[in-house]
>>> print(open('run.cif').read())   # mmCIF, C-alpha atoms
data_entry
#
loop_
_atom_site.label_atom_id
_atom_site.label_comp_id
_atom_site.auth_asym_id
_atom_site.auth_seq_id
_atom_site.Cartn_x
_atom_site.Cartn_y
_atom_site.Cartn_z
CA MET A 30 -33.95 -75.85 39.75
CA ARG A 31 -31.66 -73.88 42.06
CA ARG A 32 -33.17 -70.71 40.68
CA TYR A 33 -36.66 -71.74 41.74
CA GLY A 34 -35.35 -72.64 45.18
CA ILE A 35 -33.78 -69.21 45.60
CA ILE A 36 -36.84 -67.32 44.39
CA ALA A 37 -39.03 -69.45 46.67
CA LEU A 38 -36.77 -68.57 49.60
CA LEU A 39 -36.94 -64.89 48.65
CA LEU A 40 -40.72 -65.10 48.55
CA LEU A 41 -40.85 -66.89 51.90
CA GLY A 42 -38.47 -64.35 53.42
CA SER A 43 -40.55 -61.45 52.06
CA LEU A 44 -43.77 -62.93 53.43
CA LEU A 45 -42.20 -63.48 56.85
CA LEU A 46 -40.58 -60.03 56.99
CA GLN A 47 -43.79 -58.43 55.83
CA SER A 48 -45.82 -59.89 58.71
CA THR A 49 -43.16 -59.50 61.39
CA LEU A 50 -40.50 -56.82 60.96
CA ILE A 51 -42.45 -54.59 58.57
CA GLY A 52 -45.66 -55.32 60.50
CA VAL A 53 -44.34 -53.83 63.73
CA LEU A 54 -42.88 -50.71 62.13
CA PRO A 55 -44.61 -47.63 63.51
CA LEU A 56 -46.13 -46.93 60.09
CA LYS A 57 -49.82 -46.90 59.39
CA ILE A 58 -49.19 -47.74 55.75
CA LYS A 59 -46.26 -50.05 55.06
CA PRO A 60 -44.10 -50.99 52.09
CA ASP A 61 -44.98 -54.23 50.30
CA LEU A 62 -41.91 -56.44 49.86
CA VAL A 63 -43.82 -59.18 48.04
CA LEU A 64 -45.10 -56.73 45.43
CA ILE A 65 -41.57 -55.38 44.88
CA LEU A 66 -40.30 -58.95 44.46
CA VAL A 67 -43.02 -59.75 41.91
CA ILE A 68 -42.20 -56.62 39.88
CA PHE A 69 -38.46 -57.37 39.97
CA PHE A 70 -38.99 -61.00 38.98
CA ALA A 71 -41.37 -60.13 36.14
CA LEU A 72 -38.92 -57.57 34.82
CA PHE A 73 -36.37 -60.32 34.12
CA ASN A 74 -38.67 -63.24 33.36
CA GLY A 75 -41.23 -61.77 30.98
CA VAL A 76 -44.96 -62.21 30.73
CA ARG A 77 -45.14 -65.90 31.55
CA GLY A 78 -42.68 -65.87 34.44
CA GLY A 79 -44.12 -62.65 35.85
CA THR A 80 -47.69 -63.89 35.70
CA VAL A 81 -46.93 -67.28 37.22
CA PHE A 82 -44.75 -65.88 39.99
CA GLY A 83 -47.30 -63.13 40.70
CA ALA A 84 -50.02 -65.77 40.96
CA VAL A 85 -47.92 -67.97 43.28
CA ALA A 86 -46.96 -65.01 45.50
CA GLY A 87 -50.57 -63.79 45.62
CA LEU A 88 -51.88 -67.26 46.37
CA SER A 89 -49.35 -67.58 49.20
CA GLN A 90 -50.65 -64.33 50.69
CA ASP A 91 -54.24 -65.46 50.25
CA LEU A 92 -53.60 -68.85 51.84
CA LEU A 93 -51.78 -67.27 54.74
CA ARG A 94 -54.80 -65.08 55.29
CA GLY A 95 -57.33 -67.81 54.62
CA ARG A 96 -60.04 -65.48 53.42
CA LEU A 97 -61.09 -64.11 50.05
CA VAL A 98 -58.59 -66.47 48.45
CA GLY A 99 -57.87 -65.29 44.93
CA MET A 100 -57.91 -61.57 45.55
CA ASN A 101 -54.15 -61.16 45.98
CA LEU A 102 -53.58 -63.91 43.44
CA LEU A 103 -55.38 -61.94 40.74
CA ALA A 104 -53.95 -58.58 41.71
CA LEU A 105 -50.34 -59.81 41.75
CA ALA A 106 -50.73 -62.02 38.65
CA ILE A 107 -52.02 -59.02 36.65
CA THR A 108 -49.23 -56.83 38.05
CA GLY A 109 -46.69 -59.53 37.11
CA TYR A 110 -48.21 -59.88 33.64
CA LEU A 111 -48.09 -56.16 32.90
CA THR A 112 -44.56 -55.78 34.24
CA GLY A 113 -43.47 -58.81 32.19
CA TRP A 114 -45.11 -57.33 29.10
CA LEU A 115 -43.08 -54.15 29.56
CA ALA A 116 -39.88 -56.03 30.35
CA ASN A 117 -38.60 -56.25 26.77
CA LYS A 118 -39.44 -52.65 26.00
CA VAL A 119 -37.33 -51.02 28.71
CA PHE A 120 -33.62 -50.73 29.51
CA LYS A 121 -33.37 -52.64 32.76
CA GLU A 122 -29.82 -51.61 33.60
CA ASN A 123 -30.99 -48.04 34.23
CA ILE A 124 -32.06 -47.61 37.87
CA ILE A 125 -34.73 -45.11 36.80
CA VAL A 126 -36.63 -47.96 35.12
CA PRO A 127 -37.33 -50.03 38.26
CA LEU A 128 -37.96 -46.86 40.27
CA VAL A 129 -40.67 -45.74 37.85
CA LEU A 130 -42.07 -49.24 37.35
CA VAL A 131 -42.34 -49.96 41.08
CA PHE A 132 -44.02 -46.61 41.70
CA VAL A 133 -46.50 -46.97 38.84
CA PHE A 134 -47.27 -50.65 39.39
CA THR A 135 -47.75 -50.19 43.15
CA ILE A 136 -50.46 -47.65 42.37
CA LEU A 137 -51.89 -49.95 39.72
CA HIS A 138 -51.86 -52.82 42.24
CA GLY A 139 -53.72 -50.51 44.64
CA LEU A 140 -56.37 -49.82 42.00
CA LEU A 141 -56.71 -53.57 41.36
CA MET A 142 -57.16 -54.16 45.09
CA LEU A 143 -59.78 -51.40 45.13
CA LEU A 144 -61.62 -53.17 42.32
CA PHE A 145 -61.41 -56.64 43.91
CA THR A 146 -62.26 -55.53 47.45
CA ASN A 147 -65.33 -53.74 46.11
CA LEU A 148 -66.28 -56.81 44.10
CA ALA A 149 -65.92 -58.81 47.33
CA GLY A 150 -68.23 -56.36 49.06
CA ILE A 151 -65.65 -54.81 51.38
CA GLY A 152 -66.06 -51.44 49.80
CA PHE A 153 -62.98 -49.23 50.08
CA SER A 154 -63.53 -45.72 48.79
CA GLY A 155 -61.52 -44.62 45.76
CA PHE A 156 -59.89 -41.87 47.80
CA THR A 157 -58.79 -44.33 50.51
CA ALA A 158 -57.41 -46.76 47.94
CA LEU A 159 -55.51 -44.01 46.15
CA ARG A 160 -54.09 -42.77 49.44
CA ILE A 161 -52.91 -46.25 50.41
CA GLY A 162 -51.55 -46.90 46.90
CA LEU A 163 -49.69 -43.58 46.73
CA ILE A 164 -48.04 -43.82 50.15
CA GLU A 165 -47.17 -47.49 49.60
CA ALA A 166 -45.74 -46.56 46.18
CA LEU A 167 -43.44 -43.99 47.78
CA TYR A 168 -42.18 -46.50 50.36
CA ASN A 169 -41.70 -49.22 47.74
CA THR A 170 -39.85 -46.86 45.40
CA PHE A 171 -37.61 -45.83 48.26
CA LEU A 172 -36.67 -49.49 48.83
CA VAL A 173 -35.80 -50.17 45.17
CA PRO A 174 -32.18 -48.89 45.29
CA LEU A 175 -31.48 -51.15 48.28
CA PHE A 176 -32.29 -54.38 46.44
CA TYR A 177 -32.32 -53.77 42.69
CA GLY A 178 -28.56 -53.88 42.06
CA LYS A 179 -28.20 -57.30 43.63
CA PHE A 180 -31.32 -58.59 41.85
CA LEU A 181 -30.11 -57.25 38.49
CA ILE A 182 -26.72 -58.98 38.81
CA SER A 183 -28.30 -62.26 39.98
CA SER A 184 -30.87 -62.17 37.19
CA THR A 185 -28.44 -61.35 34.39
CA ARG A 186 -25.28 -63.20 35.41
CA GLY A 187 -26.01 -65.00 38.68
CA SER A 188 -28.15 -67.71 40.16
CA LEU A 189 -31.48 -66.07 39.23
CA LYS A 190 -30.65 -65.89 35.51
CA PRO A 191 -33.54 -67.32 33.44
CA ASP A 192 -32.77 -70.63 31.70
CA MET B 25 49.90 -24.43 124.97
CA PRO B 26 50.85 -23.69 121.43
CA ARG B 27 49.78 -20.41 120.07
CA TRP B 28 47.71 -21.80 117.12
CA PHE B 29 45.84 -24.10 119.52
CA SER B 30 44.74 -21.40 121.85
CA ARG B 31 43.57 -19.33 118.87
CA SER B 32 41.50 -22.05 117.27
CA ILE B 33 39.99 -23.10 120.57
CA LEU B 34 39.07 -19.56 121.26
CA GLY B 35 37.60 -19.10 117.78
CA THR B 36 35.58 -22.31 118.05
CA VAL B 37 34.23 -21.37 121.42
CA VAL B 38 33.27 -17.95 120.13
CA ILE B 39 31.48 -19.45 117.13
CA VAL B 40 29.68 -22.05 119.22
CA VAL B 41 28.65 -19.53 121.81
CA SER B 42 27.52 -17.13 119.10
CA ILE B 43 25.42 -19.86 117.48
CA MET B 44 23.95 -20.83 120.82
CA LEU B 45 23.16 -17.21 121.51
CA LEU B 46 21.56 -16.96 118.12
CA MET B 47 19.57 -20.12 118.83
CA ARG B 48 18.57 -18.70 122.17
CA VAL B 49 17.45 -15.44 120.64
CA THR B 50 15.57 -17.03 117.81
CA SER B 51 14.04 -19.85 119.85
CA ALA B 52 11.81 -17.59 121.86
CA GLU B 53 8.45 -16.52 120.43
CA ARG B 54 9.38 -13.30 118.90
CA VAL B 55 7.04 -10.53 118.09
CA GLU B 56 8.56 -9.97 114.75
CA LEU B 57 11.32 -11.10 112.47
CA THR B 58 14.52 -9.25 112.17
CA ALA B 59 15.12 -6.96 109.26
CA LEU B 60 17.52 -9.46 107.71
CA GLU B 61 15.08 -12.32 108.07
CA ARG B 62 12.31 -10.25 106.59
CA ALA B 63 14.50 -9.26 103.66
CA ILE B 64 15.49 -12.85 103.04
CA ARG B 65 11.95 -14.11 103.34
CA ASP B 66 10.54 -11.42 101.13
CA GLY B 67 13.25 -12.05 98.60
CA PHE B 68 12.62 -15.77 98.57
CA ALA B 69 8.85 -15.77 98.71
CA PRO B 70 8.11 -14.99 95.04
CA ILE B 71 10.86 -17.29 93.88
CA GLN B 72 9.51 -20.06 96.09
CA GLY B 73 6.01 -19.39 94.85
CA GLY B 74 7.01 -19.42 91.21
CA LEU B 75 9.14 -22.49 91.69
CA THR B 76 6.36 -24.31 93.49
CA ILE B 77 3.89 -23.56 90.69
CA LEU B 78 6.45 -24.58 88.12
CA LEU B 79 7.18 -27.84 89.93
CA ASP B 80 3.48 -28.52 90.29
CA LYS B 81 3.03 -28.03 86.57
CA VAL B 82 5.96 -30.18 85.68
CA GLY B 83 4.79 -32.78 88.17
CA GLY B 84 1.33 -32.63 86.60
CA ILE B 85 2.66 -33.06 83.10
CA THR B 86 4.95 -35.90 84.00
CA GLY B 87 2.15 -37.37 86.09
CA TYR B 88 -0.16 -37.11 83.06
CA PHE B 89 2.23 -39.09 80.93
CA ALA B 90 2.85 -41.56 83.71
CA GLU B 91 -0.91 -42.00 84.29
CA ILE B 92 -2.17 -41.99 80.73
CA ASP B 93 -2.06 -45.74 80.23
CA ARG B 94 -3.92 -46.34 83.44
CA LEU B 95 -6.49 -43.65 82.55
CA LEU B 96 -7.05 -45.12 79.12
CA ALA B 97 -7.54 -48.57 80.62
CA ASP B 98 -9.90 -47.14 83.26
CA ASN B 99 -11.79 -45.29 80.54
CA GLU B 100 -12.25 -48.42 78.50
CA ASN B 101 -13.38 -50.36 81.57
CA LEU B 102 -15.88 -47.66 82.44
CA ARG B 103 -17.19 -47.59 78.89
CA GLN B 104 -17.69 -51.34 79.02
CA GLN B 105 -19.43 -51.02 82.35
CA ILE B 106 -21.71 -48.33 80.92
CA ARG B 107 -22.57 -50.56 77.96
CA MET B 108 -23.31 -53.47 80.26
CA LEU B 109 -25.39 -51.33 82.59
CA GLN B 110 -27.30 -49.84 79.66
CA TRP B 111 -28.01 -53.32 78.35
CA GLU B 112 -29.11 -54.49 81.80
CA ASN B 113 -31.21 -51.36 82.16
CA ASN B 114 -32.94 -52.03 78.85
CA GLN B 115 -33.60 -55.62 79.88
CA LEU B 116 -35.05 -54.47 83.19
CA LEU B 117 -37.21 -51.80 81.54
CA GLU B 118 -38.46 -54.38 79.08
CA ALA B 119 -39.18 -56.81 81.93
CA LYS B 120 -40.92 -54.07 83.89
CA GLN B 121 -43.14 -53.21 80.94
CA GLU B 122 -43.99 -56.87 80.53
CA VAL B 123 -44.78 -57.20 84.22
CA ASP B 124 -47.00 -54.11 84.05
CA ARG B 125 -48.83 -55.49 81.03
CA LEU B 126 -49.27 -58.91 82.61
CA ARG B 127 -50.45 -57.33 85.87
CA GLY B 128 -53.04 -55.38 83.91
CA LEU B 129 -54.18 -58.55 82.16
CA LEU B 130 -54.35 -60.46 85.45
CA ALA B 131 -56.32 -57.70 87.15
CA PHE B 132 -58.72 -57.62 84.21
CA LYS B 133 -59.13 -61.38 84.39
CA GLU B 134 -59.94 -61.20 88.10
CA GLU B 135 -62.40 -58.34 87.58
CA ASN B 136 -64.24 -60.24 84.85
CA PRO B 137 -64.86 -63.73 86.17
CA GLN B 138 -67.79 -64.10 83.79
CA TYR B 139 -65.36 -64.48 80.91
CA GLU B 140 -63.26 -67.56 80.44
CA LEU B 141 -60.17 -65.80 79.18
CA LEU B 142 -57.19 -67.27 77.41
CA SER B 143 -54.13 -65.07 77.13
CA ALA B 144 -52.33 -65.01 73.80
CA SER B 145 -49.35 -63.24 72.27
CA VAL B 146 -49.29 -61.43 68.96
CA ILE B 147 -46.82 -63.23 66.68
CA ALA B 148 -47.48 -61.51 63.35
CA ARG B 149 -49.38 -58.67 61.81
CA SER B 150 -51.25 -58.25 58.57
CA PRO B 151 -48.75 -58.26 55.72
CA SER B 152 -50.87 -55.99 53.55
CA ASN B 153 -52.21 -52.47 53.76
CA TRP B 154 -55.56 -53.73 52.55
CA TYR B 155 -56.67 -55.56 55.65
CA SER B 156 -56.05 -55.33 59.37
CA THR B 157 -55.35 -58.63 61.05
CA LEU B 158 -53.17 -60.12 63.76
CA VAL B 159 -51.88 -63.63 64.21
CA LEU B 160 -51.96 -65.04 67.77
CA ASN B 161 -49.99 -67.96 69.17
CA ARG B 162 -53.12 -69.92 70.19
CA GLY B 163 -55.11 -72.31 68.08
CA THR B 164 -57.62 -75.16 68.17
CA ASP B 165 -55.32 -77.12 70.50
CA ASP B 166 -55.89 -74.37 73.09
CA GLY B 167 -59.65 -74.37 72.57
CA VAL B 168 -59.80 -71.41 70.21
CA ALA B 169 -62.55 -71.42 67.60
CA LYS B 170 -63.69 -69.16 64.77
CA ASN B 171 -65.57 -66.01 65.80
CA MET B 172 -64.26 -66.00 69.36
CA VAL B 173 -63.85 -62.45 70.60
CA VAL B 174 -60.42 -60.96 71.30
CA ILE B 175 -60.03 -58.16 73.82
CA THR B 176 -57.54 -56.37 76.05
CA PRO B 177 -58.28 -54.58 79.32
CA GLU B 178 -58.47 -51.37 77.25
CA GLY B 179 -61.16 -52.63 74.93
CA LEU B 180 -62.26 -54.65 71.94
CA ILE B 181 -59.69 -55.95 69.44
CA GLY B 182 -61.72 -58.08 67.04
CA ARG B 183 -62.73 -61.64 66.44
CA VAL B 184 -61.00 -64.84 65.39
CA MET B 185 -61.36 -65.18 61.65
CA THR B 186 -59.39 -68.32 60.88
CA VAL B 187 -57.79 -70.80 63.21
CA SER B 188 -55.20 -73.55 62.87
CA ARG B 189 -53.86 -75.92 65.53
CA HIS B 190 -51.35 -73.47 66.95
CA SER B 191 -52.36 -70.07 65.62
CA ALA B 192 -55.39 -67.90 65.10
CA GLU B 193 -55.87 -64.94 62.79
CA VAL B 194 -57.85 -62.09 64.28
CA LEU B 195 -59.84 -59.70 62.15
CA LEU B 196 -59.44 -56.33 63.85
CA ILE B 197 -62.40 -54.03 64.30
CA THR B 198 -60.46 -51.48 62.25
CA ASP B 199 -60.71 -53.73 59.18
CA ARG B 200 -63.28 -52.93 56.52
CA GLU B 201 -64.65 -56.44 56.93
CA GLY B 202 -65.24 -56.29 60.66
CA PRO B 203 -68.28 -54.12 61.44
CA VAL B 204 -69.42 -54.30 65.05
CA GLY B 205 -72.93 -53.73 66.32
CA SER B 206 -72.49 -51.08 68.97
CA VAL B 207 -74.28 -48.77 71.33
CA VAL B 208 -73.29 -45.24 72.26
CA LEU B 209 -73.63 -44.74 75.98
CA LEU B 210 -75.18 -41.43 76.85
CA GLN B 211 -76.36 -40.92 80.41
CA ASP B 212 -78.23 -44.20 80.52
CA SER B 213 -79.75 -43.77 77.08
CA ARG B 214 -78.39 -46.21 74.53
CA ILE B 215 -78.21 -45.12 70.95
CA PRO B 216 -77.55 -47.93 68.48
CA GLY B 217 -75.19 -47.80 65.57
CA ILE B 218 -72.73 -49.85 63.57
CA VAL B 219 -69.00 -49.31 64.01
CA GLU B 220 -66.61 -50.13 61.17
CA GLY B 221 -63.07 -49.38 60.16
CA VAL B 222 -62.33 -46.63 57.68
CA GLY B 223 -59.63 -48.89 56.23
CA ASP B 224 -57.36 -46.04 55.15
CA GLY B 225 -54.37 -47.35 57.04
CA THR B 226 -55.27 -45.44 60.19
CA ASP B 227 -57.04 -46.99 63.18
CA THR B 228 -59.95 -44.60 62.91
CA LEU B 229 -63.41 -46.10 63.27
CA ILE B 230 -66.64 -44.73 62.01
CA MET B 231 -70.01 -45.25 63.68
CA LYS B 232 -72.79 -45.26 61.13
CA HIS B 233 -76.57 -45.33 61.17
CA ILE B 234 -77.02 -43.02 64.15
CA PRO B 235 -80.53 -41.52 64.16
CA TYR B 236 -80.34 -37.94 62.95
CA ASP B 237 -81.92 -36.51 66.10
CA ALA B 238 -79.82 -38.57 68.57
CA LEU B 239 -77.72 -36.49 70.92
CA VAL B 240 -74.17 -37.72 70.40
CA GLU B 241 -71.19 -35.66 71.50
CA PRO B 242 -67.40 -35.97 71.50
CA GLY B 243 -66.06 -37.77 74.56
CA GLN B 244 -68.89 -40.29 74.87
CA TYR B 245 -67.92 -43.91 75.14
CA VAL B 246 -68.95 -46.48 72.58
CA VAL B 247 -69.41 -50.05 73.73
CA THR B 248 -70.59 -53.25 72.11
CA SER B 249 -74.35 -53.75 72.13
CA GLY B 250 -74.36 -57.53 72.21
CA LEU B 251 -76.49 -57.63 69.07
CA GLY B 252 -75.21 -59.86 66.31
CA ASP B 253 -74.36 -62.94 68.42
CA ILE B 254 -70.60 -62.51 68.25
CA PHE B 255 -69.53 -59.70 70.55
CA PRO B 256 -70.65 -59.75 74.18
CA THR B 257 -72.29 -56.58 75.38
CA GLY B 258 -70.49 -53.85 77.28
CA ILE B 259 -66.98 -54.15 75.86
CA ARG B 260 -65.49 -50.75 75.27
CA ILE B 261 -64.72 -49.84 71.65
CA GLY B 262 -63.63 -46.23 71.87
CA GLN B 263 -64.63 -42.64 72.34
CA VAL B 264 -66.53 -40.32 70.03
CA SER B 265 -64.04 -37.79 68.68
CA MET B 266 -66.22 -36.04 66.13
CA VAL B 267 -69.83 -36.07 65.05
CA ASP B 268 -70.66 -35.08 61.52
CA ARG B 269 -73.68 -32.85 61.59
CA GLU B 270 -74.23 -33.53 57.95
CA ALA B 271 -76.68 -36.34 57.54
CA GLU B 272 -75.91 -39.44 55.52
CA PRO B 273 -77.35 -39.34 52.01
CA SER B 274 -80.67 -40.70 53.22
CA GLY B 275 -81.08 -37.65 55.41
CA LEU B 276 -82.28 -39.75 58.30
CA GLN B 277 -79.01 -40.69 59.91
CA LYS B 278 -75.65 -39.23 60.83
CA TYR B 279 -72.27 -40.69 61.70
CA ALA B 280 -69.52 -40.23 64.28
CA ILE B 281 -65.77 -40.71 64.15
CA ILE B 282 -64.55 -42.99 66.94
CA GLU B 283 -61.08 -43.03 68.46
CA PRO B 284 -60.43 -46.65 69.49
CA SER B 285 -59.61 -47.37 73.15
CA VAL B 286 -56.91 -49.77 72.06
CA ASP B 287 -53.61 -48.74 70.52
CA PHE B 288 -53.49 -51.36 67.77
CA ASP B 289 -49.84 -50.61 67.00
CA ARG B 290 -48.68 -51.64 70.46
CA LEU B 291 -50.53 -54.88 70.98
CA GLU B 292 -48.40 -57.66 72.42
CA GLU B 293 -50.65 -59.68 74.72
CA VAL B 294 -54.40 -60.07 74.35
CA PHE B 295 -57.24 -62.20 75.72
CA ILE B 296 -59.45 -64.55 73.78
CA ILE B 297 -62.91 -65.02 75.32
CA LEU B 298 -63.45 -68.76 75.24
CA ASN B 299 -66.99 -68.91 76.59
CA GLY B 300 -70.21 -67.43 75.22
CA ALA B 301 -71.39 -63.89 75.42
CA PRO B 302 -72.74 -63.16 78.91
CA VAL B 303 -74.75 -59.98 79.33
CA VAL B 304 -72.73 -57.36 81.19
CA SER B 305 -73.65 -53.72 81.17
CA GLU B 306 -71.13 -50.92 81.59
#
>>> encode(input="run.cif", output="structure tokens")
Amino acid sequence: MRRYGIIALLLLGSLLLQSTLIGVLPLKIKPDLVLILVIFFALFNGVRGGTVFGAVAGLSQDLLRGRLVGMNLLALAITGYLTGWLANKVFKENIIVPLVLVFVFTILHGLLMLLFTNLAGIGFSGFTALRIGLIEALYNTFLVPLFYGKFLISSTRGSLKPD
Amino acid sequence: MPRWFSRSILGTVVIVVSIMLLMRVTSAERVELTALERAIRDGFAPIQGGLTILLDKVGGITGYFAEIDRLLADNENLRQQIRMLQWENNQLLEAKQEVDRLRGLLAFKEENPQYELLSASVIARSPSNWYSTLVLNRGTDDGVAKNMVVITPEGLIGRVMTVSRHSAEVLLITDREGPVGSVVLLQDSRIPGIVEGVGDGTDTLIMKHIPYDALVEPGQYVVTSGLGDIFPTGIRIGQVSMVDREAEPSGLQKYAIIEPSVDFDRLEEVFIILNGAPVVSE
């Protein structure tokens, strides 16, 4: 139960930081803390945990925005699912793993957003989506070393360890 | 009179008289010193000079050690004062910037009595790179409703997309979802077009559906046309920065890149237009 409380607080903190501190950074394209959190969580909680947490995180973003509800839900749930599917096939203690996964899945998340925004009739171009995804992927990857160590310890021996 | 007495008296008198004579001679303003005096002075001068310098140095060194505690304390005090003054200075600069912004907003409000304006502060920004929104600290309790237009004295910001009791989310004109019916102003001729965000993370706008033969040049202002029932007419959107001579695929239209009048990264206070859309021309 405590574990769910902590991860909910982490999600809440990420959402708040994303719209305040990260939002006012003088960057046109910004890192995505919620996406990083979903990838980290899925890495230690498998397909089911990753998908559910991705869906909850995405739904939170959608509800905060109040428009096109379901778009972030789907994009993050799929990202969580795929990360969770890979979780048992990779050596999580190696820092290279989360670096590569965050980079690749940020771009994949970008492609999913491209697909869903176009389905919703917003119509980003492929080039624009790739540009956003690539720059965001670089920022997200850069942030991995700052948080991964703590997340790894909490998820393997600490309060975030799966039941 | 004993012999020794007379001798000593005599010697004393001679000495005293000699000294008095010497005083007398040396008391007057003489043209020059005697050879002996000169020799003594010249002999002493360098020694005195060297000694004086030496004493100064020694005095300085001992003074340095004697003063060091006081200097260190002074230094620390001054550093603290600098920190305090810097902090105060920052506060004052911040307050000045706020005053300037609020003055601008007030002046705009007075110059545009046709609008019922409600000032609002930006409390959050879009958390994602995929849409461009702002959250304001005004909601239905303040009279804000969906689709109300948000502006600053510099130009158009967007429109209220969703609203709760105490907050409103604004869809910026730079978002892919927020196309604005607009008119390019060109020496009294008004060329219609649609302005929309490129959505690539920059604030660049693109004005589409410009007739192929319309004369549109960099530097021209783009304002809202009033078509579409949401945005009042005459609100500045930006300036044409580039016109693509290549036609759109249909061959009948061209497009222009628009530099927005508003710096969307620096928004802190904005206005929400609470009343309808009165017709105001630029």
>>> atom_distance(input="run.cif", atom1="CA of Ile136 (chain A)", atom2="CA of Ser150 (chain B)")
19.4 Å
>>> interface_residues(input="run.cif", of="chain A", to="chain B", cutoff="6 Å", atoms="only C-alpha atoms", output="list of chain:residue names")
A:Gln47, A:Ser48, A:Thr49, A:Gly52, A:Lys57, A:Ile58, A:Ile151, A:Thr157
>>> resolve_selection(input="run.cif", expression="the PyMOL selection byres ((chain A and resi 121) around 12)", output="mmCIF file with C-alpha atoms, keeping the file's coordinate frame")
data_model
loop_
_atom_site.group_PDB
_atom_site.id
_atom_site.type_symbol
_atom_site.label_atom_id
_atom_site.label_comp_id
_atom_site.auth_asym_id
_atom_site.auth_seq_id
_atom_site.Cartn_x
_atom_site.Cartn_y
_atom_site.Cartn_z
ATOM 1 C CA PHE A 69 -38.460 -57.370 39.970
ATOM 2 C CA PHE A 70 -38.990 -61.000 38.980
ATOM 3 C CA ALA A 71 -41.370 -60.130 36.140
ATOM 4 C CA LEU A 72 -38.920 -57.570 34.820
ATOM 5 C CA PHE A 73 -36.370 -60.320 34.120
ATOM 6 C CA ASN A 74 -38.670 -63.240 33.360
ATOM 7 C CA THR A 112 -44.560 -55.780 34.240
ATOM 8 C CA GLY A 113 -43.470 -58.810 32.190
ATOM 9 C CA LEU A 115 -43.080 -54.150 29.560
ATOM 10 C CA ALA A 116 -39.880 -56.030 30.350
ATOM 11 C CA ASN A 117 -38.600 -56.250 26.770
ATOM 12 C CA LYS A 118 -39.440 -52.650 26.000
ATOM 13 C CA VAL A 119 -37.330 -51.020 28.710
ATOM 14 C CA PHE A 120 -33.620 -50.730 29.510
ATOM 15 C CA GLU A 122 -29.820 -51.610 33.600
ATOM 16 C CA ASN A 123 -30.990 -48.040 34.230
ATOM 17 C CA ILE A 124 -32.060 -47.610 37.870
ATOM 18 C CA ILE A 125 -34.730 -45.110 36.800
ATOM 19 C CA VAL A 126 -36.630 -47.960 35.120
ATOM 20 C CA PRO A 127 -37.330 -50.030 38.260
ATOM 21 C CA LEU A 128 -37.960 -46.860 40.270
ATOM 22 C CA VAL A 129 -40.670 -45.740 37.850
ATOM 23 C CA LEU A 130 -42.070 -49.240 37.350
ATOM 24 C CA TYR A 177 -32.320 -53.770 42.690
ATOM 25 C CA GLY A 178 -28.560 -53.880 42.060
ATOM 26 C CA PHE A 180 -31.320 -58.590 41.850
ATOM 27 C CA LEU A 181 -30.110 -57.250 38.490
ATOM 28 C CA ILE A 182 -26.720 -58.980 38.810
ATOM 29 C CA SER A 184 -30.870 -62.170 37.190
ATOM 30 C CA THR A 185 -28.440 -61.350 34.390
#
>>> residues_around(input="run.cif", residues="Ala37 (chain A)", least_positions_apart="6", cutoff="10 Å", atoms="all atoms listed in the file", output="count of residues only")
5
>>> atom_distance(input="run.cif", atom1="CA of Ile164 (chain A)", atom2="CA of Gly139 (chain A)")
10.4 Å
>>> atom_distance(input="run.cif", atom1="CA of Asn171 (chain B)", atom2="CA of Ile254 (chain B)")
6.6 Å
>>> residues_around(input="run.cif", residues="Gly163 (chain B)", least_positions_apart="6", cutoff="9 Å", atoms="all atoms listed in the file", output="ChimeraX atom specification")
/B:169,187-192
>>> closest_residue(input="run.cif", among="B:Gly179, B:Gly262, B:Pro216, B:Gly128", to="Gly250 (chain B)", atoms="all atoms listed in the file")
B:Pro216
>>> resolve_selection(input="run.cif", expression="the PyMOL selection byres ((chain A and resi 155) around 12)", output="PyMOL selection string")
(chain A and resi 136+139-144+146-147+152-154+156-163) or (chain B and resi 223-224)
>>> write_last_selection(input="run.cif", atoms="C-alpha atoms", output="tab-separated table (two decimals), in the coordinates of the input")
chain	number	residue	atom	x	y	z
A	136	ILE	CA	-50.46	-47.65	42.37
A	139	GLY	CA	-53.72	-50.51	44.64
A	140	LEU	CA	-56.37	-49.82	42.00
A	141	LEU	CA	-56.71	-53.57	41.36
A	142	MET	CA	-57.16	-54.16	45.09
A	143	LEU	CA	-59.78	-51.40	45.13
A	144	LEU	CA	-61.62	-53.17	42.32
A	146	THR	CA	-62.26	-55.53	47.45
A	147	ASN	CA	-65.33	-53.74	46.11
A	152	GLY	CA	-66.06	-51.44	49.80
A	153	PHE	CA	-62.98	-49.23	50.08
A	154	SER	CA	-63.53	-45.72	48.79
A	156	PHE	CA	-59.89	-41.87	47.80
A	157	THR	CA	-58.79	-44.33	50.51
A	158	ALA	CA	-57.41	-46.76	47.94
A	159	LEU	CA	-55.51	-44.01	46.15
A	160	ARG	CA	-54.09	-42.77	49.44
A	161	ILE	CA	-52.91	-46.25	50.41
A	162	GLY	CA	-51.55	-46.90	46.90
A	163	LEU	CA	-49.69	-43.58	46.73
B	223	GLY	CA	-59.63	-48.89	56.23
B	224	ASP	CA	-57.36	-46.04	55.15
>>> closest_residue(input="run.cif", among="B:Ile39, B:Leu60, B:Ile106, B:Ile218", to="Gly252 (chain B)", atoms="all atoms listed in the file")
B:Ile218
>>> resolve_selection(input="run.cif", expression="the PyMOL selection byres ((chain B and resi 279) around 7)", output="PyMOL selection string")
chain B and resi 230-234+267-268+277-278+280-281
>>> residues_around(input="run.cif", residues="Val76 (chain A)", least_positions_apart="2", cutoff="6 Å", atoms="only C-alpha atoms", output="VMD selection string")
chain A and resid 78 to 80 110 113 to 114
